[in-house]
file entry.cif (mmCIF, C-alpha atoms)
data_final
#
loop_
_atom_site.label_atom_id
_atom_site.label_comp_id
_atom_site.auth_asym_id
_atom_site.auth_seq_id
_atom_site.Cartn_x
_atom_site.Cartn_y
_atom_site.Cartn_z
CA GLU A 10 0.00 0.00 0.00
CA TYR A 11 1.20 3.48 -0.87
CA LYS A 12 -0.29 6.34 1.08
CA PHE A 13 -0.36 9.97 -0.03
CA PRO A 14 -2.89 11.79 2.21
CA GLY A 15 -4.89 14.52 0.51
CA HIS A 16 -3.13 14.30 -2.85
CA PRO A 17 -5.38 13.56 -5.84
CA ALA A 18 -2.51 11.74 -7.55
CA PRO A 19 0.57 9.93 -6.22
CA PRO A 20 3.50 12.35 -5.74
CA LEU A 21 6.28 11.89 -8.26
CA GLY A 22 8.53 9.89 -5.96
CA ILE A 23 5.74 7.47 -5.08
CA LEU A 24 4.75 7.16 -8.74
CA PHE A 25 8.20 5.81 -9.57
CA LYS A 26 8.24 3.51 -6.54
CA ILE A 27 4.96 1.93 -7.61
CA CYS A 28 6.03 1.59 -11.24
CA THR A 29 9.32 -0.13 -10.34
CA SER A 30 7.57 -2.36 -7.81
CA ILE A 31 5.01 -3.51 -10.39
CA GLU A 32 7.75 -3.97 -12.99
CA SER A 33 9.73 -6.21 -10.63
CA TRP A 34 6.63 -8.22 -9.74
CA LEU A 35 5.65 -8.82 -13.37
CA ASP A 36 9.21 -9.72 -14.37
CA ALA A 37 9.52 -12.26 -11.55
CA ASP A 38 7.05 -14.72 -13.12
CA GLU A 39 5.16 -14.78 -16.40
CA ASP A 40 2.00 -15.79 -14.51
CA HIS A 41 2.13 -12.72 -12.26
CA ILE A 42 -0.47 -10.00 -12.71
CA ALA A 43 -0.83 -6.60 -11.05
CA ILE A 44 -4.07 -5.13 -9.75
CA ILE A 45 -4.24 -1.38 -9.21
CA HIS A 46 -6.99 0.22 -7.18
CA CYS A 47 -7.84 3.32 -5.15
CA LEU A 48 -10.89 4.41 -3.15
CA THR A 49 -13.11 4.94 -6.20
CA GLY A 50 -11.14 2.96 -8.77
CA LYS A 51 -11.26 5.88 -11.19
CA GLY A 52 -8.93 8.89 -11.41
CA ARG A 53 -5.95 7.90 -9.30
CA THR A 54 -6.08 4.32 -10.56
CA SER A 55 -6.29 5.42 -14.20
CA ALA A 56 -3.46 7.97 -13.88
CA LEU A 57 -1.21 5.38 -12.26
CA ALA A 58 -2.14 2.68 -14.78
CA ALA A 59 -1.18 5.04 -17.60
CA CYS A 60 2.23 5.65 -16.02
CA VAL A 61 2.78 1.91 -15.49
CA LEU A 62 1.87 1.06 -19.08
CA ALA A 63 4.30 3.68 -20.42
CA TRP A 64 7.01 2.65 -17.93
CA ASN A 65 6.73 -0.96 -19.09
CA GLY A 66 7.00 0.09 -22.73
CA GLU A 67 3.42 -0.67 -23.78
CA PHE A 68 2.97 2.94 -24.95
CA SER A 69 5.39 5.64 -26.02
CA THR A 70 4.05 8.22 -23.55
CA PRO A 71 1.91 8.18 -20.37
CA LEU A 72 -0.56 10.58 -22.01
CA GLU A 73 -1.07 8.14 -24.88
CA ALA A 74 -1.55 5.36 -22.33
CA LEU A 75 -4.12 7.45 -20.45
CA GLU A 76 -6.14 7.85 -23.66
CA TYR A 77 -6.07 4.06 -24.02
CA VAL A 78 -7.21 3.53 -20.42
CA ALA A 79 -10.11 5.96 -20.96
CA GLN A 80 -11.11 4.19 -24.18
CA ARG A 81 -11.11 0.82 -22.44
CA ARG A 82 -13.43 2.27 -19.79
CA ASN A 83 -15.57 3.88 -22.50
CA VAL A 84 -15.29 7.36 -21.02
CA ALA A 85 -13.49 10.59 -21.91
CA VAL A 86 -10.15 11.35 -20.23
CA ASP A 87 -11.53 14.61 -18.82
CA THR A 88 -14.42 12.70 -17.23
CA LEU A 89 -12.28 9.89 -15.87
CA THR A 90 -9.59 12.12 -14.33
CA ILE A 91 -9.29 15.55 -12.75
CA PRO A 92 -6.81 18.29 -13.77
CA SER A 93 -4.24 17.56 -11.03
CA GLN A 94 -4.10 13.89 -12.04
CA ARG A 95 -3.50 14.79 -15.68
CA ARG A 96 -0.85 17.30 -14.56
CA TYR A 97 1.05 14.53 -12.76
CA VAL A 98 0.80 12.22 -15.76
CA THR A 99 2.41 15.05 -17.74
CA TYR A 100 5.14 15.40 -15.08
CA PHE A 101 5.83 11.66 -15.37
CA SER A 102 6.02 12.01 -19.14
CA ASN A 103 8.53 14.86 -18.74
CA ILE A 104 10.78 12.71 -16.58
CA MET A 105 10.62 9.81 -19.05
CA ASP A 106 11.71 12.32 -21.72
CA GLY A 107 14.69 13.29 -19.56
CA VAL A 108 13.28 16.59 -18.27
CA LYS A 109 13.87 16.23 -14.55
CA PRO A 110 12.26 18.57 -12.00
CA SER A 111 14.40 21.17 -10.27
CA SER A 112 15.23 20.28 -6.68
CA GLU A 113 15.61 23.89 -5.58
CA PRO A 114 12.99 25.19 -3.10
CA LEU A 115 10.86 28.18 -4.08
CA PHE A 116 9.56 31.04 -1.99
CA LEU A 117 5.86 31.45 -2.65
CA ARG A 118 5.11 35.12 -2.10
CA ARG A 119 1.48 35.37 -3.14
CA ILE A 120 -1.46 33.71 -4.84
CA ILE A 121 -3.67 35.80 -7.10
CA MET A 122 -7.22 34.76 -8.00
CA ASN A 123 -8.64 36.47 -11.07
CA THR A 124 -12.44 36.59 -11.43
CA ILE A 125 -14.17 36.27 -8.07
CA PRO A 126 -16.59 33.32 -7.89
CA VAL A 127 -20.05 33.81 -6.39
CA PHE A 128 -20.77 31.73 -3.28
CA GLY A 129 -23.34 34.09 -1.75
CA ASP A 130 -24.10 37.75 -1.10
CA ASN A 131 -23.18 38.05 2.61
CA GLY A 132 -26.68 39.42 3.24
CA GLY A 133 -26.18 42.40 0.95
CA GLY A 134 -28.05 41.34 -2.16
CA GLU A 135 -26.81 41.06 -5.74
CA ALA A 136 -24.46 44.06 -5.45
CA ASN A 137 -22.56 42.23 -2.69
CA GLU A 138 -22.25 38.84 -4.38
CA GLY A 139 -18.90 37.14 -3.98
CA CYS A 140 -17.14 34.90 -1.49
CA CYS A 141 -15.13 34.81 1.74
CA PRO A 142 -12.01 32.92 0.64
CA TYR A 143 -8.84 31.66 2.27
CA VAL A 144 -6.10 29.37 0.94
CA GLN A 145 -4.16 26.53 2.51
CA LEU A 146 -0.98 24.76 1.41
CA PHE A 147 -0.24 21.14 2.29
CA LYS A 148 2.87 19.00 1.94
CA GLY A 149 2.81 15.32 2.79
CA GLY A 150 -0.70 15.68 4.19
CA LYS A 151 0.38 18.40 6.65
CA LEU A 152 -0.75 22.01 6.63
CA ILE A 153 2.26 24.28 6.05
CA ALA A 154 0.64 27.67 5.37
CA THR A 155 -2.67 29.53 5.51
CA ALA A 156 -3.44 32.91 3.94
CA VAL A 157 -6.50 35.15 3.78
CA ALA A 158 -7.60 37.66 1.17
CA VAL A 159 -5.62 40.90 1.34
CA GLY A 160 -7.64 44.04 2.03
CA GLU A 161 -8.93 46.36 4.70
CA GLU A 162 -12.48 45.02 4.86
CA ARG A 163 -12.95 42.57 7.71
CA GLY A 164 -15.31 39.64 7.67
CA MET A 165 -15.75 36.75 10.08
CA GLU A 166 -13.11 35.02 12.19
CA ALA A 167 -12.18 31.38 11.69
CA THR A 168 -12.38 29.52 14.97
CA ASN A 169 -11.53 26.01 13.78
CA LYS A 170 -8.15 25.28 15.38
CA LYS A 171 -7.16 22.97 12.54
CA GLU A 172 -7.49 25.89 10.14
CA SER A 173 -5.89 28.57 12.28
CA MET A 174 -2.46 29.99 11.59
CA THR A 175 0.75 28.69 13.13
CA ASN A 176 0.08 30.79 16.21
CA GLN A 177 -3.00 28.96 17.49
CA SER A 178 -4.12 32.01 19.47
CA GLN A 179 -4.32 34.12 16.32
CA LYS A 180 -7.59 33.78 14.44
CA LEU A 181 -7.94 34.19 10.72
CA GLN A 182 -9.28 37.62 9.79
CA LEU A 183 -11.41 36.63 6.83
CA ARG A 184 -12.71 39.19 4.35
CA TRP A 185 -15.73 39.20 2.07
CA VAL A 186 -14.61 39.73 -1.52
CA ARG A 187 -17.18 41.07 -3.99
CA SER A 188 -17.20 39.70 -7.53
CA SER A 189 -16.99 43.31 -8.75
CA GLU A 190 -13.43 43.47 -7.37
CA MET A 191 -12.40 41.17 -10.26
CA SER A 192 -9.30 39.82 -8.49
CA VAL A 193 -7.89 39.22 -5.02
CA SER A 194 -4.47 38.26 -3.68
CA PHE A 195 -3.29 36.14 -0.75
CA ASN A 196 0.13 36.88 0.76
CA VAL A 197 1.63 33.49 1.57
CA ASP A 198 5.37 34.17 2.10
CA CYS A 199 6.28 30.54 2.57
CA ALA A 200 9.05 28.29 1.24
CA VAL A 201 7.74 25.36 -0.80
CA GLN A 202 9.51 22.40 -2.33
CA GLY A 203 8.39 19.26 -4.12
CA ASP A 204 4.80 18.04 -4.19
CA ILE A 205 2.39 20.69 -2.92
CA LEU A 206 -1.40 20.71 -2.59
CA LEU A 207 -3.18 24.07 -2.75
CA ARG A 208 -6.73 24.30 -1.42
CA CYS A 209 -9.05 27.32 -1.51
CA ARG A 210 -12.15 27.38 0.70
CA HIS A 211 -15.11 29.69 1.28
CA ALA A 212 -16.33 30.45 4.81
CA ASP A 213 -20.04 31.26 5.01
CA ASN A 214 -21.87 33.16 7.75
CA SER A 215 -22.83 29.94 9.54
CA GLY A 216 -19.16 29.07 10.02
CA SER A 217 -19.19 26.11 7.62
CA ARG A 218 -16.45 25.66 5.03
CA VAL A 219 -17.09 25.06 1.33
CA SER A 220 -14.38 23.86 -1.04
CA MET A 221 -13.86 26.30 -3.91
CA PHE A 222 -11.06 24.49 -5.72
CA ARG A 223 -7.74 22.74 -5.21
CA ALA A 224 -4.65 21.98 -7.26
CA ALA A 225 -1.69 19.65 -6.81
CA PHE A 226 1.61 20.66 -8.39
CA HIS A 227 5.35 20.06 -8.18
CA THR A 228 7.59 23.07 -7.60
CA GLY A 229 10.29 21.53 -9.80
CA TYR A 230 8.18 22.23 -12.88
CA VAL A 231 7.21 25.82 -12.09
CA GLN A 232 8.75 27.80 -14.92
CA ALA A 233 10.04 31.39 -14.66
CA GLY A 234 8.91 31.60 -11.06
CA VAL A 235 5.20 31.78 -11.95
CA LEU A 236 2.57 29.05 -12.07
CA ARG A 237 -0.60 30.02 -13.96
CA LEU A 238 -3.67 27.79 -13.82
CA THR A 239 -6.94 28.45 -15.63
CA ARG A 240 -10.31 27.40 -14.20
CA VAL A 241 -10.30 24.16 -16.19
CA GLN A 242 -6.88 23.32 -14.70
CA LEU A 243 -8.26 23.47 -11.15
CA ASP A 244 -9.90 20.54 -9.37
CA GLY A 245 -13.53 21.16 -8.45
CA ALA A 246 -13.85 24.67 -9.88
CA SER A 247 -17.52 24.29 -10.77
CA SER A 248 -18.92 26.45 -13.56
CA VAL A 249 -21.88 27.10 -11.25
CA HIS A 250 -19.66 29.45 -9.22
CA PHE A 251 -16.94 30.36 -11.73
CA ASP A 252 -17.73 32.13 -14.99
#
call {"tool": "encode", "arguments": {"input": "entry.cif", "output": "structure tokens"}}
result
Amino acid sequence: EYKFPGHPAPPLGILFKICTSIESWLDADEDHIAIIHCLTGKGRTSALAACVLAWNGEFSTPLEALEYVAQRRNVAVDTLTIPSQRRYVTYFSNIMDGVKPSSEPLFLRRIIMNTIPVFGDNGGGEANEGCCPYVQLFKGGKLIATAVAVGEERGMEATNKKESMTNQSQKLQLRWVRSSEMSVSFNVDCAVQGDILLRCRHADNSGSRVSMFRAAFHTGYVQAGVLRLTRVQLDGASSVHFD
């Protein structure tokens, strides 16, 4: 069993461990077979199967293998997998082509969200439609940073200790962001390295948390110091909330 808490796809290091383990098992005896499964048997399983098929030489690239897996399941690749899983299949393809990820850590200064999704109106009607967002960064299943929307307007305070900042006594000063603002930034100021999971959540007036989107990425493939992701490259960015 290979565990990768929170990640929608196996981190790069684990991907290679699984591929080499399956390769060794299949080579040990011609009667050996390998069974791959995850919680749902869909996205993570399909992404890994594509990498294994390419690693074993059945296909020239993992992306080509993923198309084959989707065809065998009679479903489109975009339906079978989510953006982060396809991103990691691309990473695996890069490595097989000899393009290795940089091992240098990066300093993530800020996250900018363009186009504010509508998750409510904060009691102010259509003119106040928007959301109350905050972002979290995870590495290895552990929370490493939390950031709120920059601005002077104050909203509610987050009281969930698991989602508070490093100083447990300091509460998150959340801010309501109107869709008319067009964009909002989050000052992170945190060193990141390797496989990172970004999660953005909305806090409503009742205190409940709603997932807005998430994205898994590897810092070694962030080019020119900037990672740009469109809505369709984010996991769970529903068109109901995002235009």
call {"tool": "atom_distance", "arguments": {"input": "entry.cif", "atom1": "CA of Asn123 in chain A", "atom2": "CA of Val193 in chain A"}}
result
6.7 Å
call {"tool": "resolve_selection", "arguments": {"input": "entry.cif", "expression": "the PyMOL selection byres ((chain A and resi 227-239) around 8)", "output": "ChimeraX atom specification"}}
result
/A:100,109-115,201-205,225-226,240-243
call {"tool": "closest_residue", "arguments": {"input": "entry.cif", "among": "A:Tyr77, A:Trp34, A:Phe13, A:Phe68", "to": "Gly150 in chain A", "atoms": "all atoms listed in the file"}}
result
A:Phe13
call {"tool": "closest_residue", "arguments": {"input": "entry.cif", "among": "A:Gly22, A:Gly216, A:Pro17, A:Pro126", "to": "Ala246 in chain A", "atoms": "all atoms listed in the file"}}
result
A:Pro126
call {"tool": "closest_residue", "arguments": {"input": "entry.cif", "among": "A:Gln145, A:Ser30, A:Asn83, A:Thr124", "to": "Leu181 in chain A", "atoms": "all atoms listed in the file"}}
result
A:Gln145
call {"tool": "residues_around", "arguments": {"input": "entry.cif", "residues": "Ser33 in chain A", "least_positions_apart": "3", "cutoff": "12 Å", "atoms": "all atoms listed in the file", "output": "list of chain:residue names"}}
result
A:Lys26, A:Ile27, A:Cys28, A:Thr29, A:Ser30, A:Asp36, A:Ala37, A:Asp38, A:Glu39, A:His41, A:Ile42, A:Ala43, A:Val61, A:Trp64, A:Asn65
call {"tool": "residues_around", "arguments": {"input": "entry.cif", "residues": "Cys141 in chain A", "least_positions_apart": "3", "cutoff": "6 Å", "atoms": "all atoms listed in the file", "output": "list in words"}}
result
Arg184, Trp185, Val186, His211 and Ala212 of chain A
call {"tool": "closest_residue", "arguments": {"input": "entry.cif", "among": "A:Met122, A:Leu206, A:Val108, A:Val78", "to": "Lys148 in chain A", "atoms": "all atoms listed in the file"}}
result
A:Leu206
call {"tool": "atom_distance", "arguments": {"input": "entry.cif", "atom1": "CA of Arg95 in chain A", "atom2": "CA of Gly52 in chain A"}}
result
9.1 Å
call {"tool": "closest_residue", "arguments": {"input": "entry.cif", "among": "A:Gly15, A:Ser55, A:Thr70, A:Ile120", "to": "Val84 in chain A", "atoms": "all atoms listed in the file"}}
result
A:Ser55
call {"tool": "resolve_selection", "arguments": {"input": "entry.cif", "expression": "the PyMOL selection byres ((chain A and resi 136) around 12)", "output": "JSON, numbers by chain"}}
result
{"A": [127, 129, 130, 131, 132, 133, 134, 135, 137, 138, 139, 186, 187, 188, 189, 190]}
call {"tool": "resolve_selection", "arguments": {"input": "entry.cif", "expression": "the PyMOL selection byres ((chain A and resi 59) around 12)", "output": "MDAnalysis selection string"}}
result
chainID A and resid 24 28 45 51:58 60:81 86 90 94:95 97:99 101:102
call {"tool": "closest_residue", "arguments": {"input": "entry.cif", "among": "A:Thr155, A:Asp87, A:Phe25, A:Ser220", "to": "Ile104 in chain A", "atoms": "only C-alpha atoms"}}
result
A:Phe25
call {"tool": "atom_distance", "arguments": {"input": "entry.cif", "atom1": "CA of Asn214 in chain A", "atom2": "CA of Met191 in chain A"}}
result
21.9 Å
call {"tool": "decode", "arguments": {"input": "entry.cif", "residues": "range 93-123 of chain A", "atoms": "N, CA and C atoms", "output": "PDB file, in the first residue's frame"}}
result
ATOM      1  N   SER A  93      -5.491  17.843 -11.747  1.00  0.00           N
ATOM      2  CA  SER A  93      -4.239  17.557 -11.034  1.00  0.00           C
ATOM      3  C   SER A  93      -3.682  16.190 -11.412  1.00  0.00           C
ATOM      4  N   GLN A  94      -4.561  15.218 -11.636  1.00  0.00           N
ATOM      5  CA  GLN A  94      -4.099  13.886 -12.041  1.00  0.00           C
ATOM      6  C   GLN A  94      -3.471  13.933 -13.422  1.00  0.00           C
ATOM      7  N   ARG A  95      -4.083  14.664 -14.330  1.00  0.00           N
ATOM      8  CA  ARG A  95      -3.503  14.789 -15.678  1.00  0.00           C
ATOM      9  C   ARG A  95      -2.198  15.572 -15.626  1.00  0.00           C
ATOM     10  N   ARG A  96      -2.090  16.531 -14.705  1.00  0.00           N
ATOM     11  CA  ARG A  96      -0.855  17.295 -14.557  1.00  0.00           C
ATOM     12  C   ARG A  96       0.286  16.365 -14.132  1.00  0.00           C
ATOM     13  N   TYR A  97       0.003  15.432 -13.232  1.00  0.00           N
ATOM     14  CA  TYR A  97       1.053  14.533 -12.763  1.00  0.00           C
ATOM     15  C   TYR A  97       1.412  13.483 -13.810  1.00  0.00           C
ATOM     16  N   VAL A  98       0.466  13.106 -14.639  1.00  0.00           N
ATOM     17  CA  VAL A  98       0.797  12.219 -15.759  1.00  0.00           C
ATOM     18  C   VAL A  98       1.750  12.942 -16.715  1.00  0.00           C
ATOM     19  N   THR A  99       1.513  14.250 -16.908  1.00  0.00           N
ATOM     20  CA  THR A  99       2.411  15.053 -17.743  1.00  0.00           C
ATOM     21  C   THR A  99       3.797  15.156 -17.112  1.00  0.00           C
ATOM     22  N   TYR A 100       3.847  15.359 -15.783  1.00  0.00           N
ATOM     23  CA  TYR A 100       5.136  15.395 -15.083  1.00  0.00           C
ATOM     24  C   TYR A 100       5.907  14.086 -15.320  1.00  0.00           C
ATOM     25  N   PHE A 101       5.198  12.965 -15.197  1.00  0.00           N
ATOM     26  CA  PHE A 101       5.829  11.660 -15.372  1.00  0.00           C
ATOM     27  C   PHE A 101       6.370  11.524 -16.793  1.00  0.00           C
ATOM     28  N   SER A 102       5.593  12.036 -17.749  1.00  0.00           N
ATOM     29  CA  SER A 102       6.022  12.011 -19.144  1.00  0.00           C
ATOM     30  C   SER A 102       7.284  12.848 -19.337  1.00  0.00           C
ATOM     31  N   ASN A 103       7.337  14.005 -18.664  1.00  0.00           N
ATOM     32  CA  ASN A 103       8.527  14.861 -18.740  1.00  0.00           C
ATOM     33  C   ASN A 103       9.773  14.119 -18.261  1.00  0.00           C
ATOM     34  N   ILE A 104       9.637  13.421 -17.145  1.00  0.00           N
ATOM     35  CA  ILE A 104      10.782  12.709 -16.580  1.00  0.00           C
ATOM     36  C   ILE A 104      11.232  11.590 -17.520  1.00  0.00           C
ATOM     37  N   MET A 105      10.267  10.869 -18.103  1.00  0.00           N
ATOM     38  CA  MET A 105      10.622   9.806 -19.048  1.00  0.00           C
ATOM     39  C   MET A 105      11.331  10.375 -20.284  1.00  0.00           C
ATOM     40  N   ASP A 106      11.043  11.649 -20.593  1.00  0.00           N
ATOM     41  CA  ASP A 106      11.714  12.321 -21.720  1.00  0.00           C
ATOM     42  C   ASP A 106      13.046  12.941 -21.308  1.00  0.00           C
ATOM     43  N   GLY A 107      13.410  12.768 -20.043  1.00  0.00           N
ATOM     44  CA  GLY A 107      14.685  13.286 -19.563  1.00  0.00           C
ATOM     45  C   GLY A 107      14.635  14.680 -18.984  1.00  0.00           C
ATOM     46  N   VAL A 108      13.426  15.248 -18.855  1.00  0.00           N
ATOM     47  CA  VAL A 108      13.279  16.588 -18.270  1.00  0.00           C
ATOM     48  C   VAL A 108      12.985  16.427 -16.787  1.00  0.00           C
ATOM     49  N   LYS A 109      14.027  16.444 -15.985  1.00  0.00           N
ATOM     50  CA  LYS A 109      13.872  16.227 -14.552  1.00  0.00           C
ATOM     51  C   LYS A 109      13.447  17.507 -13.840  1.00  0.00           C
ATOM     52  N   PRO A 110      12.691  17.379 -12.744  1.00  0.00           N
ATOM     53  CA  PRO A 110      12.262  18.570 -11.996  1.00  0.00           C
ATOM     54  C   PRO A 110      13.417  19.179 -11.223  1.00  0.00           C
ATOM     55  N   SER A 111      13.391  20.491 -11.074  1.00  0.00           N
ATOM     56  CA  SER A 111      14.398  21.166 -10.270  1.00  0.00           C
ATOM     57  C   SER A 111      14.210  20.796  -8.806  1.00  0.00           C
ATOM     58  N   SER A 112      15.301  20.640  -8.101  1.00  0.00           N
ATOM     59  CA  SER A 112      15.233  20.279  -6.676  1.00  0.00           C
ATOM     60  C   SER A 112      15.312  21.501  -5.767  1.00  0.00           C
ATOM     61  N   GLU A 113      15.472  22.682  -6.367  1.00  0.00           N
ATOM     62  CA  GLU A 113      15.608  23.894  -5.576  1.00  0.00           C
ATOM     63  C   GLU A 113      14.255  24.317  -4.970  1.00  0.00           C
ATOM     64  N   PRO A 114      14.239  24.705  -3.703  1.00  0.00           N
ATOM     65  CA  PRO A 114      12.992  25.192  -3.098  1.00  0.00           C
ATOM     66  C   PRO A 114      12.620  26.559  -3.670  1.00  0.00           C
ATOM     67  N   LEU A 115      11.354  26.882  -3.626  1.00  0.00           N
ATOM     68  CA  LEU A 115      10.856  28.176  -4.084  1.00  0.00           C
ATOM     69  C   LEU A 115      10.239  28.919  -2.907  1.00  0.00           C
ATOM     70  N   PHE A 116      10.222  30.233  -3.016  1.00  0.00           N
ATOM     71  CA  PHE A 116       9.564  31.038  -1.990  1.00  0.00           C
ATOM     72  C   PHE A 116       8.273  31.576  -2.594  1.00  0.00           C
ATOM     73  N   LEU A 117       7.166  31.049  -2.125  1.00  0.00           N
ATOM     74  CA  LEU A 117       5.859  31.453  -2.650  1.00  0.00           C
ATOM     75  C   LEU A 117       5.416  32.738  -1.956  1.00  0.00           C
ATOM     76  N   ARG A 118       5.450  33.823  -2.683  1.00  0.00           N
ATOM     77  CA  ARG A 118       5.110  35.120  -2.101  1.00  0.00           C
ATOM     78  C   ARG A 118       3.603  35.341  -2.041  1.00  0.00           C
ATOM     79  N   ARG A 119       2.920  35.094  -3.151  1.00  0.00           N
ATOM     80  CA  ARG A 119       1.482  35.369  -3.144  1.00  0.00           C
ATOM     81  C   ARG A 119       0.750  34.505  -4.149  1.00  0.00           C
ATOM     82  N   ILE A 120      -0.545  34.380  -3.919  1.00  0.00           N
ATOM     83  CA  ILE A 120      -1.455  33.710  -4.837  1.00  0.00           C
ATOM     84  C   ILE A 120      -2.483  34.745  -5.275  1.00  0.00           C
ATOM     85  N   ILE A 121      -2.712  34.837  -6.565  1.00  0.00           N
ATOM     86  CA  ILE A 121      -3.673  35.804  -7.104  1.00  0.00           C
ATOM     87  C   ILE A 121      -4.816  35.039  -7.775  1.00  0.00           C
ATOM     88  N   MET A 122      -6.047  35.368  -7.392  1.00  0.00           N
ATOM     89  CA  MET A 122      -7.217  34.758  -8.005  1.00  0.00           C
ATOM     90  C   MET A 122      -7.936  35.805  -8.844  1.00  0.00           C
ATOM     91  N   ASN A 123      -7.946  35.574 -10.150  1.00  0.00           N
ATOM     92  CA  ASN A 123      -8.637  36.473 -11.068  1.00  0.00           C
ATOM     93  C   ASN A 123     -10.050  35.963 -11.332  1.00  0.00           C
TER      94      ASN A 123
END
